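Listing of entry-v3.pdb, PDB, C-alpha atoms (C1' of nucleotides)
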ATOM      1  CA  MET A 187      23.876 -26.113 -40.980
ATOM      2  CA  ARG A 188      23.520 -22.638 -39.556
ATOM      3  CA  ILE A 189      26.241 -20.454 -38.156
ATOM      4  CA  GLY A 190      25.669 -21.351 -34.519
ATOM      5  CA  GLU A 191      26.186 -25.043 -35.068
ATOM      6  CA  LEU A 192      29.246 -24.452 -37.206
ATOM      7  CA  SER A 193      30.621 -22.281 -34.436
ATOM      8  CA  ARG A 194      29.993 -24.947 -31.814
ATOM      9  CA  ARG A 195      31.491 -27.693 -33.939
ATOM     10  CA  THR A 196      34.634 -25.761 -34.784
ATOM     11  CA  GLY A 197      35.100 -23.681 -31.661
ATOM     12  CA  VAL A 198      35.347 -20.561 -33.817
ATOM     13  CA  PRO A 199      33.169 -17.613 -32.733
ATOM     14  CA  THR A 200      30.413 -16.612 -35.120
ATOM     15  CA  ARG A 201      32.002 -13.221 -35.404
ATOM     16  CA  LEU A 202      34.998 -14.820 -37.065
ATOM     17  CA  LEU A 203      32.927 -17.041 -39.324
ATOM     18  CA  ARG A 204      31.263 -13.900 -40.643
ATOM     19  CA  TYR A 205      34.636 -12.243 -40.940
ATOM     20  CA  TYR A 206      36.042 -15.140 -42.945
ATOM     21  CA  GLU A 207      33.088 -14.844 -45.259
ATOM     22  CA  GLU A 208      33.803 -11.137 -45.673
ATOM     23  CA  GLN A 209      37.357 -12.150 -46.595
ATOM     24  CA  HIS A 210      36.005 -14.588 -49.181
ATOM     25  CA  LEU A 211      37.191 -17.667 -47.341
ATOM     26  CA  LEU A 212      33.702 -19.071 -46.814
ATOM     27  CA  HIS A 213      30.686 -18.895 -49.109
ATOM     28  CA  PRO A 214      27.591 -20.014 -47.247
ATOM     29  CA  GLU A 215      24.262 -19.981 -48.995
ATOM     30  CA  ARG A 216      21.412 -17.885 -47.658
ATOM     31  CA  GLY A 217      18.009 -19.153 -46.717
ATOM     32  CA  GLY A 218      14.887 -17.162 -47.512
ATOM     33  CA  ASN A 219      15.136 -15.620 -44.059
ATOM     34  CA  GLY A 220      18.655 -14.364 -44.653
ATOM     35  CA  TYR A 221      20.264 -16.978 -42.439
ATOM     36  CA  ARG A 222      23.586 -18.415 -43.562
ATOM     37  CA  SER A 223      23.537 -22.095 -44.484
ATOM     38  CA  TYR A 224      26.804 -24.032 -44.458
ATOM     39  CA  PRO A 225      27.466 -27.434 -46.000
ATOM     40  CA  GLU A 226      28.908 -30.234 -43.931
ATOM     41  CA  SER A 227      32.311 -29.647 -45.493
ATOM     42  CA  ALA A 228      32.483 -26.210 -43.891
ATOM     43  CA  VAL A 229      33.629 -27.776 -40.640
ATOM     44  CA  ALA A 230      36.818 -29.091 -42.211
ATOM     45  CA  GLN A 231      37.184 -25.892 -44.200
ATOM     46  CA  VAL A 232      37.043 -23.756 -41.066
ATOM     47  CA  GLN A 233      39.559 -25.984 -39.321
ATOM     48  CA  GLN A 234      41.843 -25.629 -42.300
ATOM     49  CA  ILE A 235      41.500 -21.848 -42.191
ATOM     50  CA  ARG A 236      42.201 -21.760 -38.469
ATOM     51  CA  GLY A 237      45.298 -23.886 -38.870
ATOM     52  CA  LEU A 238      46.677 -21.620 -41.529
ATOM     53  CA  LEU A 239      45.846 -18.454 -39.625
ATOM     54  CA  ASP A 240      47.467 -19.875 -36.509
ATOM     55  CA  SER A 241      50.488 -20.668 -38.638
ATOM     56  CA  GLY A 242      50.819 -17.008 -39.456
ATOM     57  CA  LEU A 243      49.262 -16.783 -42.915
ATOM     58  CA  THR A 244      47.035 -13.812 -43.691
ATOM     59  CA  THR A 245      43.482 -14.195 -44.914
ATOM     60  CA  ALA A 246      44.685 -12.896 -48.282
ATOM     61  CA  MET A 247      47.242 -15.692 -48.621
ATOM     62  CA  ILE A 248      44.736 -18.241 -47.471
ATOM     63  CA  HIS A 249      42.237 -16.942 -49.984
ATOM     64  CA  ALA A 250      44.815 -17.393 -52.712
ATOM     65  CA  ILE A 251      45.643 -21.002 -51.919
ATOM     66  CA  LEU A 252      42.468 -22.340 -50.319
ATOM     67  CA  PRO A 253      40.778 -23.482 -53.553
ATOM     68  CA  TYR A 254      43.733 -25.743 -54.238
ATOM     69  CA  LEU A 255      43.888 -27.366 -50.822
ATOM     70  CA  CYS A 256      41.602 -30.206 -51.763
ATOM     71  CA  GLY A 257      41.404 -31.515 -48.220
ATOM     72  CA  SER A 258      37.656 -31.986 -48.240
ATOM     73  CA  SER A 259      36.022 -29.605 -50.675
ATOM     74  CA  ARG A 260      35.860 -31.310 -54.015
ATOM     75  CA  LEU A 261      35.497 -28.079 -55.891
ATOM     76  CA  VAL A 262      39.122 -27.892 -56.868
ATOM     77  CA  PRO A 263      39.597 -26.131 -60.191
ATOM     78  CA  ALA A 264      40.433 -28.675 -62.835
ATOM     79  CA  PRO A 265      44.207 -28.624 -63.340
ATOM     80  CA  GLU A 266      43.885 -28.437 -67.115
ATOM     81  CA  SER A 267      41.867 -25.211 -66.897
ATOM     82  CA  VAL A 268      44.433 -23.344 -64.806
ATOM     83  CA  PRO A 269      46.231 -20.571 -66.688
ATOM     84  CA  PRO A 270      50.021 -20.491 -66.258
ATOM     85  CA  GLU A 271      49.930 -17.122 -64.451
ATOM     86  CA  THR A 272      47.821 -18.677 -61.751
ATOM     87  CA  ALA A 273      50.215 -21.562 -61.461
ATOM     88  CA  ALA A 274      53.093 -19.109 -61.191
ATOM     89  CA  LEU A 275      51.374 -17.201 -58.387
ATOM     90  CA  LEU A 276      50.676 -20.448 -56.637
ATOM     91  CA  GLN A 277      54.325 -21.385 -56.938
ATOM     92  CA  GLU A 278      55.268 -18.081 -55.320
ATOM     93  CA  HIS A 279      53.036 -18.878 -52.402
ATOM     94  CA  VAL A 280      54.642 -22.278 -52.100
ATOM     95  CA  ASP A 281      58.039 -20.607 -52.047
ATOM     96  CA  ARG A 282      56.967 -18.194 -49.336
ATOM     97  CA  ILE A 283      55.573 -21.034 -47.282
ATOM     98  CA  GLN A 284      58.790 -22.969 -47.775
ATOM     99  CA  ALA A 285      60.821 -19.982 -46.571
ATOM    100  CA  ARG A 286      58.752 -19.873 -43.418
ATOM    101  CA  ILE A 287      59.181 -23.573 -42.860
ATOM    102  CA  ASP A 288      62.934 -23.237 -43.275
ATOM    103  CA  CYS A 289      63.148 -20.348 -40.834
ATOM    104  CA  LEU A 290      60.989 -22.069 -38.257
ATOM    105  CA  ALA A 291      62.782 -25.402 -38.611
ATOM    106  CA  ARG A 292      66.170 -23.756 -38.269
ATOM    107  CA  ASN A 293      65.178 -22.066 -35.053
ATOM    108  CA  ARG A 294      63.364 -25.094 -33.737
ATOM    109  CA  ASP A 295      66.608 -27.000 -34.179
ATOM    110  CA  ARG A 296      68.517 -24.386 -32.240
ATOM    111  CA  LEU A 297      66.027 -24.469 -29.415
ATOM    112  CA  THR A 298      65.964 -28.237 -29.215
ATOM    113  CA  ALA A 299      69.747 -28.297 -29.229
ATOM    114  CA  TYR A 300      69.704 -25.866 -26.357
ATOM    115  CA  LEU A 301      67.131 -27.906 -24.486
ATOM    116  CA  ALA A 302      69.217 -30.984 -25.004
ATOM    117  CA  ALA A 303      72.112 -29.178 -23.364
ATOM    118  CA  VAL A 304      69.932 -28.041 -20.492
ATOM    119  CA  ARG A 305      68.890 -31.503 -19.396
ATOM    120  CA  PRO A 306      71.434 -34.090 -20.414
ATOM    121  CA  GLU A 307      70.513 -35.942 -17.208
ATOM    122  CA  LYS A 308      67.144 -36.719 -18.747
ATOM    123  CA  ARG A 309      68.797 -39.608 -20.558
TER
ATOM    124  CA  MET B 194      77.073   1.640 -34.544
ATOM    125  CA  ARG B 195      74.177   4.059 -34.451
ATOM    126  CA  ILE B 196      70.601   3.430 -35.472
ATOM    127  CA  GLY B 197      70.905   4.872 -38.969
ATOM    128  CA  GLU B 198      73.718   2.554 -39.957
ATOM    129  CA  LEU B 199      71.964  -0.457 -38.478
ATOM    130  CA  SER B 200      68.878   0.512 -40.445
ATOM    131  CA  ARG B 201      70.840   0.791 -43.671
ATOM    132  CA  ARG B 202      72.667  -2.471 -43.129
ATOM    133  CA  THR B 203      69.529  -4.433 -42.312
ATOM    134  CA  GLY B 204      66.967  -2.653 -44.439
ATOM    135  CA  VAL B 205      64.759  -2.254 -41.383
ATOM    136  CA  PRO B 206      63.374   1.265 -40.786
ATOM    137  CA  THR B 207      64.608   3.022 -37.657
ATOM    138  CA  ARG B 208      61.024   3.199 -36.479
ATOM    139  CA  LEU B 209      60.969  -0.572 -36.218
ATOM    140  CA  LEU B 210      64.368  -0.800 -34.569
ATOM    141  CA  ARG B 211      63.033   1.462 -31.832
ATOM    142  CA  TYR B 212      59.870  -0.585 -31.664
ATOM    143  CA  TYR B 213      61.820  -3.824 -31.270
ATOM    144  CA  GLU B 214      63.718  -2.208 -28.424
ATOM    145  CA  GLU B 215      60.417  -1.243 -26.802
ATOM    146  CA  GLN B 216      59.435  -4.915 -27.119
ATOM    147  CA  HIS B 217      62.695  -5.912 -25.425
ATOM    148  CA  LEU B 218      64.127  -7.583 -28.486
ATOM    149  CA  LEU B 219      67.099  -5.230 -28.758
ATOM    150  CA  HIS B 220      69.116  -3.623 -25.985
ATOM    151  CA  PRO B 221      71.372  -0.932 -27.416
ATOM    152  CA  GLU B 222      73.584   1.077 -25.135
ATOM    153  CA  ARG B 223      73.230   4.826 -24.940
ATOM    154  CA  GLY B 224      75.985   7.333 -25.556
ATOM    155  CA  GLY B 225      76.315  10.451 -23.415
ATOM    156  CA  ASN B 226      74.209  12.285 -25.987
ATOM    157  CA  GLY B 227      71.329   9.811 -25.690
ATOM    158  CA  TYR B 228      72.074   8.170 -29.033
ATOM    159  CA  ARG B 229      71.585   4.426 -29.275
ATOM    160  CA  SER B 230      74.744   2.415 -29.827
ATOM    161  CA  TYR B 231      74.482  -1.071 -31.280
ATOM    162  CA  PRO B 232      77.157  -3.777 -31.294
ATOM    163  CA  GLU B 233      78.183  -5.429 -34.541
ATOM    164  CA  SER B 234      76.127  -8.467 -33.642
ATOM    165  CA  ALA B 235      72.943  -6.415 -33.803
ATOM    166  CA  VAL B 236      72.906  -6.814 -37.566
ATOM    167  CA  ALA B 237      72.487 -10.567 -37.327
ATOM    168  CA  GLN B 238      70.133 -10.154 -34.412
ATOM    169  CA  VAL B 239      67.851  -7.869 -36.405
ATOM    170  CA  GLN B 240      67.877 -10.241 -39.354
ATOM    171  CA  GLN B 241      66.935 -13.038 -37.012
ATOM    172  CA  ILE B 242      64.058 -10.985 -35.618
ATOM    173  CA  ARG B 243      62.825 -10.106 -39.086
ATOM    174  CA  GLY B 244      62.895 -13.714 -40.206
ATOM    175  CA  LEU B 245      60.834 -14.801 -37.235
ATOM    176  CA  LEU B 246      58.357 -11.948 -37.585
ATOM    177  CA  ASP B 247      57.992 -12.721 -41.274
ATOM    178  CA  SER B 248      57.345 -16.314 -40.295
ATOM    179  CA  GLY B 249      54.416 -15.186 -38.240
ATOM    180  CA  LEU B 250      55.797 -15.192 -34.698
ATOM    181  CA  THR B 251      54.797 -12.346 -32.406
ATOM    182  CA  THR B 252      57.331 -10.141 -30.670
ATOM    183  CA  ALA B 253      56.304 -11.803 -27.415
ATOM    184  CA  MET B 254      57.209 -15.256 -28.716
ATOM    185  CA  ILE B 255      60.424 -13.953 -30.185
ATOM    186  CA  HIS B 256      61.281 -12.314 -26.904
ATOM    187  CA  ALA B 257      60.779 -15.637 -25.159
ATOM    188  CA  ILE B 258      63.058 -17.633 -27.402
ATOM    189  CA  LEU B 259      65.564 -15.092 -28.670
ATOM    190  CA  PRO B 260      68.084 -15.478 -25.822
ATOM    191  CA  TYR B 261      68.406 -19.142 -26.689
ATOM    192  CA  LEU B 262      68.930 -18.701 -30.405
ATOM    193  CA  CYS B 263      72.665 -18.535 -30.147
ATOM    194  CA  GLY B 264      73.092 -17.558 -33.791
ATOM    195  CA  SER B 265      75.600 -14.841 -33.134
ATOM    196  CA  SER B 266      75.134 -13.338 -29.717
ATOM    197  CA  ARG B 267      77.262 -15.293 -27.302
ATOM    198  CA  LEU B 268      75.219 -14.202 -24.318
ATOM    199  CA  VAL B 269      73.240 -17.421 -24.157
ATOM    200  CA  PRO B 270      72.238 -18.247 -20.610
ATOM    201  CA  ALA B 271      74.370 -21.089 -19.365
ATOM    202  CA  PRO B 272      72.360 -24.293 -19.704
ATOM    203  CA  GLU B 273      73.167 -25.356 -16.151
ATOM    204  CA  SER B 274      71.626 -22.213 -14.700
ATOM    205  CA  VAL B 275      68.283 -22.634 -16.416
ATOM    206  CA  PRO B 276      65.425 -23.536 -14.076
ATOM    207  CA  PRO B 277      63.189 -26.365 -15.234
ATOM    208  CA  GLU B 278      60.133 -24.116 -15.572
ATOM    209  CA  THR B 279      62.000 -22.069 -18.144
ATOM    210  CA  ALA B 280      62.957 -25.205 -19.989
ATOM    211  CA  ALA B 281      59.335 -26.316 -19.932
ATOM    212  CA  LEU B 282      58.161 -23.001 -21.358
ATOM    213  CA  LEU B 283      60.802 -23.251 -24.002
ATOM    214  CA  GLN B 284      59.610 -26.723 -24.866
ATOM    215  CA  GLU B 285      56.083 -25.394 -25.285
ATOM    216  CA  HIS B 286      57.365 -22.841 -27.740
ATOM    217  CA  VAL B 287      59.168 -25.568 -29.625
ATOM    218  CA  ASP B 288      55.929 -27.541 -29.766
ATOM    219  CA  ARG B 289      54.008 -24.561 -31.093
ATOM    220  CA  ILE B 290      56.642 -23.964 -33.717
ATOM    221  CA  GLN B 291      56.536 -27.619 -34.663
ATOM    222  CA  ALA B 292      52.767 -27.461 -35.063
ATOM    223  CA  ARG B 293      53.170 -24.558 -37.437
ATOM    224  CA  ILE B 294      55.795 -26.379 -39.424
ATOM    225  CA  ASP B 295      53.551 -29.408 -39.698
ATOM    226  CA  CYS B 296      50.589 -27.363 -40.860
ATOM    227  CA  LEU B 297      52.623 -25.421 -43.374
ATOM    228  CA  ALA B 298      54.404 -28.509 -44.700
ATOM    229  CA  ARG B 299      51.154 -30.392 -45.085
ATOM    230  CA  ASN B 300      49.638 -27.625 -47.142
ATOM    231  CA  ARG B 301      52.797 -27.017 -49.097
ATOM    232  CA  ASP B 302      52.666 -30.656 -50.120
ATOM    233  CA  ARG B 303      49.090 -30.299 -51.269
ATOM    234  CA  LEU B 304      49.941 -27.253 -53.316
ATOM    235  CA  THR B 305      52.964 -28.836 -54.928
ATOM    236  CA  ALA B 306      50.931 -31.930 -55.740
ATOM    237  CA  TYR B 307      48.373 -29.697 -57.377
ATOM    238  CA  LEU B 308      51.047 -27.837 -59.305
ATOM    239  CA  ALA B 309      52.501 -31.119 -60.472
ATOM    240  CA  ALA B 310      49.079 -32.031 -61.839
ATOM    241  CA  VAL B 311      48.762 -28.677 -63.541
ATOM    242  CA  ARG B 312      51.872 -28.987 -65.621
ATOM    243  CA  PRO B 313      52.748 -32.586 -66.298
ATOM    244  CA  GLU B 314      53.958 -31.473 -69.715
ATOM    245  CA  LYS B 315      56.822 -29.663 -68.029
ATOM    246  CA  ARG B 316      58.635 -32.980 -67.901
TER
ATOM    247  C1'  DT C 157       0.483 -15.570 -27.917
ATOM    248  C1'  DG C 158       4.513 -14.530 -25.728
ATOM    249  C1'  DG C 159       9.228 -15.170 -24.503
ATOM    250  C1'  DA C 160      13.741 -17.181 -25.325
ATOM    251  C1'  DA C 161      17.116 -18.331 -28.417
ATOM    252  C1'  DG C 162      19.201 -17.749 -32.624
ATOM    253  C1'  DC C 163      20.056 -15.049 -36.499
ATOM    254  C1'  DC C 164      20.898 -10.562 -38.967
ATOM    255  C1'  DT C 165      23.745  -6.013 -39.762
ATOM    256  C1'  DC C 166      26.301  -2.191 -38.069
ATOM    257  C1'  DA C 167      29.614  -0.145 -35.464
ATOM    258  C1'  DC C 168      32.901   0.863 -32.209
ATOM    259  C1'  DA C 169      37.121  -1.114 -29.559
ATOM    260  C1'  DT C 170      41.512  -3.513 -28.976
ATOM    261  C1'  DC C 171      46.151  -5.266 -30.037
ATOM    262  C1'  DA C 172      50.251  -5.858 -32.853
ATOM    263  C1'  DG C 173      53.106  -4.284 -36.390
ATOM    264  C1'  DT C 174      54.102  -0.450 -39.097
ATOM    265  C1'  DG C 175      54.052   4.394 -41.415
ATOM    266  C1'  DT C 176      54.681   9.263 -40.823
ATOM    267  C1'  DG C 177      55.373  13.648 -39.088
ATOM    268  C1'  DA C 178      56.273  17.271 -35.554
ATOM    269  C1'  DA C 179      59.391  19.530 -32.390
ATOM    270  C1'  DG C 180      63.655  19.605 -30.737
ATOM    271  C1'  DG C 181      68.832  18.203 -29.398
ATOM    272  C1'  DT C 182      73.811  16.939 -31.318
ATOM    273  C1'  DC C 183      77.533  17.200 -34.244
ATOM    274  C1'  DA C 184      80.596  17.803 -38.139
ATOM    275  C1'  DA C 185      81.850  20.404 -42.092
ATOM    276  C1'  DG C 186      81.952  24.715 -44.478
TER
ATOM    277  C1'  DC D 188      78.400  30.326 -36.540
ATOM    278  C1'  DT D 189      75.309  28.305 -39.417
ATOM    279  C1'  DT D 190      73.568  24.526 -42.084
ATOM    280  C1'  DG D 191      72.449  19.862 -42.806
ATOM    281  C1'  DA D 192      72.439  15.256 -41.409
ATOM    282  C1'  DC D 193      71.528  12.504 -37.753
ATOM    283  C1'  DC D 194      69.582  11.560 -33.472
ATOM    284  C1'  DT D 195      65.833  12.000 -29.656
ATOM    285  C1'  DT D 196      60.743  11.439 -27.950
ATOM    286  C1'  DC D 197      55.889  11.874 -28.713
ATOM    287  C1'  DA D 198      51.827  11.133 -31.049
ATOM    288  C1'  DC D 199      48.461  10.158 -34.307
ATOM    289  C1'  DA D 200      46.979   6.784 -38.097
ATOM    290  C1'  DC D 201      46.422   2.583 -40.549
ATOM    291  C1'  DT D 202      45.678  -2.532 -41.374
ATOM    292  C1'  DG D 203      44.419  -7.213 -39.999
ATOM    293  C1'  DA D 204      42.476 -10.272 -36.733
ATOM    294  C1'  DT D 205      39.397 -10.275 -33.090
ATOM    295  C1'  DG D 206      36.056  -8.881 -29.101
ATOM    296  C1'  DT D 207      31.697  -6.864 -27.860
ATOM    297  C1'  DG D 208      27.383  -4.799 -27.862
ATOM    298  C1'  DA D 209      23.190  -2.564 -29.757
ATOM    299  C1'  DG D 210      18.950  -2.899 -32.312
ATOM    300  C1'  DG D 211      16.006  -5.657 -34.804
ATOM    301  C1'  DC D 212      14.072  -9.875 -37.210
ATOM    302  C1'  DT D 213      12.930 -15.135 -37.171
ATOM    303  C1'  DT D 214      11.915 -19.390 -35.260
ATOM    304  C1'  DC D 215      10.449 -22.452 -31.964
ATOM    305  C1'  DC D 216       8.413 -23.995 -27.917
ATOM    306  C1'  DA D 217       5.481 -23.565 -23.723
TER
END
For this file, produce the structure as structure tokens.
Amino acid sequence: MRIGELSRRTGVPTRLLRYYEEQHLLHPERGGNGYRSYPESAVAQVQQIRGLLDSGLTTAMIHAILPYLCGSSRLVPAPESVPPETAALLQEHVDRIQARIDCLARNRDRLTAYLAAVRPEKR
Amino acid sequence: MRIGELSRRTGVPTRLLRYYEEQHLLHPERGGNGYRSYPESAVAQVQQIRGLLDSGLTTAMIHAILPYLCGSSRLVPAPESVPPETAALLQEHVDRIQARIDCLARNRDRLTAYLAAVRPEKR
DNA sequence: TGGAAGCCTCACATCAGTGTGAAGGTCAAG
DNA sequence: CTTGACCTTCACACTGATGTGAGGCTTCCA
């Protein structure tokens, strides 16, 4: 599929699809005319990228973890061929993500507690 | 306390403390000489702000929810005096935060599953 | 064959968060 | 009284994510 269709199907402007490619998050093939050609799986891939960006990750972080998020692309590096340094880096990313989750969950709890106090009549 | 001490105690550069004030996240008093004067609670407040920024929230979102994160500042608006529109906005923020948590947790799980596959010998 | 639509690259613009430095006021200690 | 540390505002710069437009090629359809 070409970039226009991918844009329509994901709601992501073509500008950003090109940007994600520049950031090594997408790797479309090129037709003889220079047009980008995306596989079907790119739709899910783009949605994954958007979710992570919206969750506050940078393109660099996403680039680091994306190959291992086997959601739909089946090109996951074989676990046995992953050097321990890579695994260690991946673990660091997991830790950072966990820290974010903890911080967000903590504050979500405070807000919900507050909201519960605001409208106890809503019982 | 003045800005230098707050900076030292939080590890946040004075430049950013002034920026957070510009974004209405901090409200130091001013001495007769124009110097900013922060209460003791500002230390916790700044740490709270940093945690949320590091978790990917914008200063605008933080500004919206900060008054209700009663961590240490006791100046929480009284629940009974909160108009329902405010509560609704707050709920939207909670929902957005929850969406982030869900996305991050989902992908954390994928990464940890992958890591578990990488080193099964670590048992 | 011609025009519209879609694609290409390039480039400049914006916003948020942050770094850095200039130019100057305040204050305490020597 | 001067020096040095600390404070003030102002301003320019950078990065990352994104918007926007120009100029030009390709493809398709009437």
Gap from CA of Ala306 in chain B to CA of Val287 in chain B - Å, one decimal: 28.1 Å
Selection dump of the PyMOL selection byres ((chain B) within 10 of (chain C)), as a VMD selection string: chain B and resid 206 208 to 209 212 226 to 228 246 251 to 252
Selected residue, from B:Gly224, B:Gln216, B:Arg303, B:Arg202, that lies nearest to chain D when counting all atoms listed in the file: B:Gly224
Distance of CA of His286 in chain B from CA of Val304 in chain A, expressed in Å to one decimal place: 15.4 Å
Pairwise distance for CA of Ser193 in chain A and CA of Val229 in chain A, rounded to one decimal in Å: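 Between these atoms lies a distance of 8.8 Å.
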Within 10 Å of chain B, which residues of chain D show up? Give each one with its shortest atom-to-atom distance in Å (one decimal) and the two atoms involved, counting all atoms listed in the file, rows by chain then rising residue number, as CSV.
residue,atom,partner,partner_atom,distance
D:DC193,C1',B:Gly197,CA,7.8
D:DC194,C1',B:Tyr228,CA,6.1
D:DT195,C1',B:Gly227,CA,7.1
If I only have part of range 288-302 of chain B, can you fill in N, CA and C atoms and write it as a PDB file, in the coordinates of the input?
ATOM      1  N   ASP B 288      57.096 -26.769 -29.313  1.00  0.00           N
ATOM      2  CA  ASP B 288      55.929 -27.541 -29.766  1.00  0.00           C
ATOM      3  C   ASP B 288      55.043 -26.682 -30.676  1.00  0.00           C
ATOM      4  N   ARG B 289      54.834 -25.445 -30.271  1.00  0.00           N
ATOM      5  CA  ARG B 289      54.008 -24.561 -31.093  1.00  0.00           C
ATOM      6  C   ARG B 289      54.646 -24.354 -32.462  1.00  0.00           C
ATOM      7  N   ILE B 290      55.945 -24.155 -32.452  1.00  0.00           N
ATOM      8  CA  ILE B 290      56.642 -23.964 -33.717  1.00  0.00           C
ATOM      9  C   ILE B 290      56.518 -25.217 -34.573  1.00  0.00           C
ATOM     10  N   GLN B 291      56.649 -26.363 -33.926  1.00  0.00           N
ATOM     11  CA  GLN B 291      56.536 -27.619 -34.663  1.00  0.00           C
ATOM     12  C   GLN B 291      55.154 -27.768 -35.279  1.00  0.00           C
ATOM     13  N   ALA B 292      54.133 -27.364 -34.542  1.00  0.00           N
ATOM     14  CA  ALA B 292      52.767 -27.461 -35.063  1.00  0.00           C
ATOM     15  C   ALA B 292      52.621 -26.592 -36.314  1.00  0.00           C
ATOM     16  N   ARG B 293      53.228 -25.426 -36.261  1.00  0.00           N
ATOM     17  CA  ARG B 293      53.170 -24.558 -37.437  1.00  0.00           C
ATOM     18  C   ARG B 293      53.877 -25.200 -38.619  1.00  0.00           C
ATOM     19  N   ILE B 294      55.045 -25.734 -38.350  1.00  0.00           N
ATOM     20  CA  ILE B 294      55.795 -26.379 -39.424  1.00  0.00           C
ATOM     21  C   ILE B 294      54.966 -27.494 -40.043  1.00  0.00           C
ATOM     22  N   ASP B 295      54.344 -28.289 -39.193  1.00  0.00           N
ATOM     23  CA  ASP B 295      53.551 -29.408 -39.698  1.00  0.00           C
ATOM     24  C   ASP B 295      52.419 -28.911 -40.590  1.00  0.00           C
ATOM     25  N   CYS B 296      51.718 -27.895 -40.095  1.00  0.00           N
ATOM     26  CA  CYS B 296      50.589 -27.363 -40.860  1.00  0.00           C
ATOM     27  C   CYS B 296      51.066 -26.802 -42.192  1.00  0.00           C
ATOM     28  N   LEU B 297      52.119 -26.034 -42.147  1.00  0.00           N
ATOM     29  CA  LEU B 297      52.623 -25.421 -43.374  1.00  0.00           C
ATOM     30  C   LEU B 297      53.127 -26.489 -44.343  1.00  0.00           C
ATOM     31  N   ALA B 298      53.841 -27.477 -43.831  1.00  0.00           N
ATOM     32  CA  ALA B 298      54.404 -28.509 -44.700  1.00  0.00           C
ATOM     33  C   ALA B 298      53.288 -29.323 -45.350  1.00  0.00           C
ATOM     34  N   ARG B 299      52.275 -29.633 -44.552  1.00  0.00           N
ATOM     35  CA  ARG B 299      51.154 -30.392 -45.085  1.00  0.00           C
ATOM     36  C   ARG B 299      50.536 -29.656 -46.269  1.00  0.00           C
ATOM     37  N   ASN B 300      50.315 -28.368 -46.091  1.00  0.00           N
ATOM     38  CA  ASN B 300      49.638 -27.625 -47.142  1.00  0.00           C
ATOM     39  C   ASN B 300      50.573 -27.311 -48.305  1.00  0.00           C
ATOM     40  N   ARG B 301      51.839 -27.149 -47.994  1.00  0.00           N
ATOM     41  CA  ARG B 301      52.797 -27.017 -49.097  1.00  0.00           C
ATOM     42  C   ARG B 301      52.755 -28.257 -49.975  1.00  0.00           C
ATOM     43  N   ASP B 302      52.706 -29.420 -49.347  1.00  0.00           N
ATOM     44  CA  ASP B 302      52.666 -30.656 -50.120  1.00  0.00           C
ATOM     45  C   ASP B 302      51.425 -30.717 -51.004  1.00  0.00           C
TER      46      ASP B 302
END
